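To keep things clear, I will list the structure first and then write my remarks on it.
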Amino acid sequence: MRGANRYGIWEHASPVVLAAESKKSPAAAAVEPPSPPSPHPSDVSSAWALRSGGRPLFIFAHQDDETVLAGIIARIVGDDRCGTFVWWTNGDGLAPLTGESPRAYAKIRMAEAAEAMRRLGAQPHRKRDLDSSEIENYRRLTHVAAGGQLRQAALHYFMVEAERVERAIREADPDRVFLLAWQGGHPEHDLTHLMTVRAVQKLRQETGRPIPIIQCPAYEYVILCALRFNPWFDGDRRRIELSLEERQKKRAVFDAYPSQQDLFRRFEQVVKVVAKFSALRGHPVDVESYLAVEEFGVVDPELDYTRSTHRVEALNYINDDFEGIKIRFDTMIRPVAEILLFP
Ligand SMILES: [Zn+2]
């Protein structure tokens, strides 16, 4: 998660429904679930996706994105049993607001992520920072929209980034990939998603393995639809309830990010508003119980990434800009999607 966004007025509240798998007995969990025959949501069981084993890859844009699925990570990784973690950016995007140099701020962010991983059970040897500058990524997005030679250079830039991501994914040789949802909330979440889909599509073709992609919703509509798919999301949607230990680890991960405490506090405020509306509807939920449920879903391999998840362009990346230029799907993200997926 990242962003200096202000609140909008969106409210999203849904009753906490516990996934059936969270009620399975420990004995059932001990049996290795069968591998999926394809990456399609109907073929991928939650038991297989969330098992503690295999070669799961967790790939993120930002240091702190992993808080979205911290419980899922803790469940899968256990005590450093498995998992590779890749971060595309170095988190320098908010440096101008802090007075730190981008390089110094990035070092803080990357060190925080290493500590967060440790608190989730994963040791540093599992971590890989691709160290891409957010500031440069944003500048290049505005160049995509600008057209001409700037656009050509920027599209080349994103292809090179995609190739770096591809190399990291090939090294991880994953059997499944976890990432943040394609949802028009943050441009770098969507770019990370795109670059990952590109690499996984290649790996599927080369190996014949399904390599399902599992997405978790971070936020959209500024941050007022937080940590849940929006109510009209029509893709695969599942939920788990975290155990007490998983909740404690998740809380510890939030605390591993001193640089992001303002943002987390605002998230907490949002969740409190959601909780209030939820209580009015007869489904009382407090912050702790909201965070104790994590949503995820298997990404449809046929998803069309040249289309935004929002019908109205203005609902993409609300309030996000680079030096006053608004970040847009139509003129910035779509051209990158087209060049990455249909070169
Ligand atoms: Zn993020």
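Chain labels run A, B, ... following the order of the structure tokens; each chain numbers its residues from 1, and ligands are numbered from 1 in the order shown.
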Taking only C-alpha atoms into account, produce a table as CSV in which each residue of range 295-319 of chain A with an atom at most 10 Å from an atom of range 41-58 of chain A appears once, together with its shortest atom pair and the distance in Å to one decimal, ordered by chain and rising number.
residue,atom,partner,partner_atom,distance
A:Phe296,CA,A:Ser46,CA,9.4
A:Gly297,CA,A:Pro41,CA,7.6
A:Val298,CA,A:Pro41,CA,5.0
A:Val299,CA,A:Pro41,CA,6.7
A:Asp300,CA,A:Pro41,CA,6.3
A:Pro301,CA,A:Pro41,CA,8.6
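Considering only C-alpha atoms and all ligand atoms, the residue among A:Glu220, A:Asp131, A:Asp330, A:Asp236 positioned nearest to ligand 1 is A:Glu220.
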I'd like to know which residues of range 122-233 of chain A are strand (DSSP E) (by DSSP, run on the backbone); could you write them as number ranges by chain? A: 127-132, 176-180, 213-216, 219-220, 225-226
Requested write-out: N, CA and C atoms of the selected residues, as a PDB file, in the first residue's frame:
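The resulting file, part-v3.pdb, is reproduced below:
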ATOM      1  N   LYS A 127      14.309 -13.010   0.189  1.00  0.00           N
ATOM      2  CA  LYS A 127      13.877 -11.694  -0.282  1.00  0.00           C
ATOM      3  C   LYS A 127      14.723 -11.208  -1.452  1.00  0.00           C
ATOM      4  N   ARG A 128      14.050 -10.555  -2.388  1.00  0.00           N
ATOM      5  CA  ARG A 128      14.750  -9.992  -3.543  1.00  0.00           C
ATOM      6  C   ARG A 128      14.165  -8.606  -3.816  1.00  0.00           C
ATOM      7  N   ASP A 129      15.013  -7.576  -3.818  1.00  0.00           N
ATOM      8  CA  ASP A 129      14.569  -6.213  -4.124  1.00  0.00           C
ATOM      9  C   ASP A 129      15.010  -5.853  -5.527  1.00  0.00           C
ATOM     10  N   LEU A 130      14.077  -5.539  -6.399  1.00  0.00           N
ATOM     11  CA  LEU A 130      14.443  -5.127  -7.755  1.00  0.00           C
ATOM     12  C   LEU A 130      14.774  -3.632  -7.799  1.00  0.00           C
ATOM     13  N   ASP A 131      14.465  -2.933  -6.722  1.00  0.00           N
ATOM     14  CA  ASP A 131      15.010  -1.585  -6.509  1.00  0.00           C
ATOM     15  C   ASP A 131      14.632  -0.588  -7.603  1.00  0.00           C
ATOM     16  N   SER A 132      13.451  -0.726  -8.140  1.00  0.00           N
ATOM     17  CA  SER A 132      12.991   0.214  -9.167  1.00  0.00           C
ATOM     18  C   SER A 132      12.463   1.474  -8.472  1.00  0.00           C
ATOM     19  N   ARG A 176       2.948 -21.344  -7.652  1.00  0.00           N
ATOM     20  CA  ARG A 176       1.804 -20.432  -7.560  1.00  0.00           C
ATOM     21  C   ARG A 176       2.349 -19.067  -7.162  1.00  0.00           C
ATOM     22  N   VAL A 177       1.593 -18.037  -7.542  1.00  0.00           N
ATOM     23  CA  VAL A 177       2.070 -16.679  -7.316  1.00  0.00           C
ATOM     24  C   VAL A 177       0.989 -15.868  -6.605  1.00  0.00           C
ATOM     25  N   PHE A 178       1.392 -15.178  -5.560  1.00  0.00           N
ATOM     26  CA  PHE A 178       0.481 -14.287  -4.834  1.00  0.00           C
ATOM     27  C   PHE A 178       0.867 -12.840  -5.135  1.00  0.00           C
ATOM     28  N   LEU A 179      -0.147 -12.007  -5.383  1.00  0.00           N
ATOM     29  CA  LEU A 179       0.108 -10.587  -5.629  1.00  0.00           C
ATOM     30  C   LEU A 179      -1.135  -9.773  -5.278  1.00  0.00           C
ATOM     31  N   LEU A 180      -1.015  -8.458  -5.406  1.00  0.00           N
ATOM     32  CA  LEU A 180      -2.185  -7.612  -5.148  1.00  0.00           C
ATOM     33  C   LEU A 180      -3.076  -7.588  -6.383  1.00  0.00           C
ATOM     34  N   ILE A 213      -2.317 -17.803 -10.403  1.00  0.00           N
ATOM     35  CA  ILE A 213      -2.037 -16.498  -9.799  1.00  0.00           C
ATOM     36  C   ILE A 213      -3.172 -16.184  -8.832  1.00  0.00           C
ATOM     37  N   ILE A 214      -2.788 -15.858  -7.608  1.00  0.00           N
ATOM     38  CA  ILE A 214      -3.786 -15.596  -6.563  1.00  0.00           C
ATOM     39  C   ILE A 214      -3.673 -14.134  -6.153  1.00  0.00           C
ATOM     40  N   GLN A 215      -4.775 -13.397  -6.275  1.00  0.00           N
ATOM     41  CA  GLN A 215      -4.724 -11.961  -5.990  1.00  0.00           C
ATOM     42  C   GLN A 215      -5.473 -11.625  -4.712  1.00  0.00           C
ATOM     43  N   CYS A 216      -4.984 -10.574  -4.055  1.00  0.00           N
ATOM     44  CA  CYS A 216      -5.609 -10.097  -2.822  1.00  0.00           C
ATOM     45  C   CYS A 216      -5.929  -8.612  -2.990  1.00  0.00           C
ATOM     46  N   TYR A 219      -6.730  -1.896  -2.138  1.00  0.00           N
ATOM     47  CA  TYR A 219      -7.721  -0.828  -2.018  1.00  0.00           C
ATOM     48  C   TYR A 219      -8.048  -0.247  -3.383  1.00  0.00           C
ATOM     49  N   GLU A 220      -9.178   0.396  -3.469  1.00  0.00           N
ATOM     50  CA  GLU A 220      -9.572   1.180  -4.630  1.00  0.00           C
ATOM     51  C   GLU A 220     -10.532   2.239  -4.126  1.00  0.00           C
ATOM     52  N   CYS A 225     -12.496   1.429  -0.182  1.00  0.00           N
ATOM     53  CA  CYS A 225     -12.810   0.012  -0.333  1.00  0.00           C
ATOM     54  C   CYS A 225     -11.506  -0.696  -0.029  1.00  0.00           C
ATOM     55  N   ALA A 226     -11.291  -0.987   1.236  1.00  0.00           N
ATOM     56  CA  ALA A 226      -9.981  -1.453   1.674  1.00  0.00           C
ATOM     57  C   ALA A 226     -10.009  -2.928   2.050  1.00  0.00           C
TER      58      ALA A 226
END
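The neighbours of Ala252 in chain A here are the residues that come within 10 Å of it, using only C-alpha atoms and leaving out any residue fewer than 6 positions away in the same chain; they are Thr67, Ala70, Glu115, Ala116, Arg119, Leu120 and Glu246 of chain A.
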Store the residues picked out above, limited to C-alpha atoms, as a JSON list (two decimals), in the first residue's frame.
[["chain", "number", "residue", "atom", "x", "y", "z"],
["A", 67, "THR", "CA", 0.39, -6.42, 5.08],
["A", 70, "ALA", "CA", 0.10, -11.02, 6.07],
["A", 115, "GLU", "CA", 11.97, -6.98, 9.26],
["A", 116, "ALA", "CA", 8.33, -7.53, 8.28],
["A", 119, "ARG", "CA", 8.12, -11.32, 11.71],
["A", 120, "LEU", "CA", 6.08, -13.44, 9.29],
["A", 246, "GLU", "CA", -1.67, -15.27, 12.50]]
From the list A:Arg164, A:Arg334, A:Lys249, A:Leu97, the nearest residue to Ala122 in chain A using only C-alpha atoms is A:Lys249
Polymer residues at most 7 Å from Ala95 in chain A, only C-alpha atoms, same-chain spacing of 6 or more positions, as a ChimeraX atom specification: /A:101-102,105
Give me the residues near His125 in chain A as a PyMOL selection string, where near means some atom within 10 Å (using only C-alpha atoms) and where sequence neighbours in that chain fewer than 4 positions away do not count. chain A and resi 80+84-85+114
Save out the residues we just selected, N, CA and C atoms, as a compact mmCIF listing (two decimals), in the first residue's frame.
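For reference, part_29.txt as written:
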# COMPACT_ATOMS: atom_id res chain seq x y z
N ASP A 80 9.76 -20.39 8.22
CA ASP A 80 10.73 -20.34 7.11
C ASP A 80 10.71 -21.61 6.27
N THR A 84 9.30 -17.35 -1.79
CA THR A 84 10.22 -16.35 -2.30
C THR A 84 9.46 -15.03 -2.32
N PHE A 85 10.16 -13.96 -1.97
CA PHE A 85 9.52 -12.63 -1.91
C PHE A 85 10.26 -11.68 -2.83
N ALA A 114 12.30 -6.17 5.18
CA ALA A 114 13.07 -7.34 5.64
C ALA A 114 12.64 -7.72 7.06
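Each of A:Glu112, A:Arg198, A:Glu134, A:Arg140 was compared to Phe254 in chain A using only C-alpha atoms, and A:Glu112 turns out to be the nearest.
The space separating CA of Leu242 in chain A from CA of His62 in chain A comes to 23.0 Å.
Considering the residues A:Lys276, A:His186, A:Arg247, A:Arg265 and counting only C-alpha atoms, Ile327 in chain A has its shortest atom-to-atom contact with A:His186.
Distances from A:Trp182, A:Val86, A:Ala275, A:Glu295 to Arg228 in chain A were compared using only C-alpha atoms, and the smallest one belongs to A:Glu295.
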Among range 76-234 of chain A, which ones does DSSP place in helix (DSSP H, G or I), written as a PyMOL selection string? chain A and resi 76-77+92-98+102-119+124-126+134-146+148-172+187-207
For a quick check of understanding, using only C-alpha atoms and all ligand atoms, which of A:Ile318, A:Ala162, A:Ala218, A:Val270 has the smallest distance to ligand 1? A:Ala218
Neighbours of range 290-293 of chain A within 7 Å (only C-alpha atoms; same-chain residues fewer than 3 positions away dropped), as a VMD selection string? chain A and resid 239 to 242 247 285 to 287
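Counting from CA of Ala145 in chain A, the distance to CA of Gly235 in chain A is 29.4 Å.
The spacing separating CA of Glu288 in chain A from CA of Ile72 in chain A amounts to 15.9 Å.
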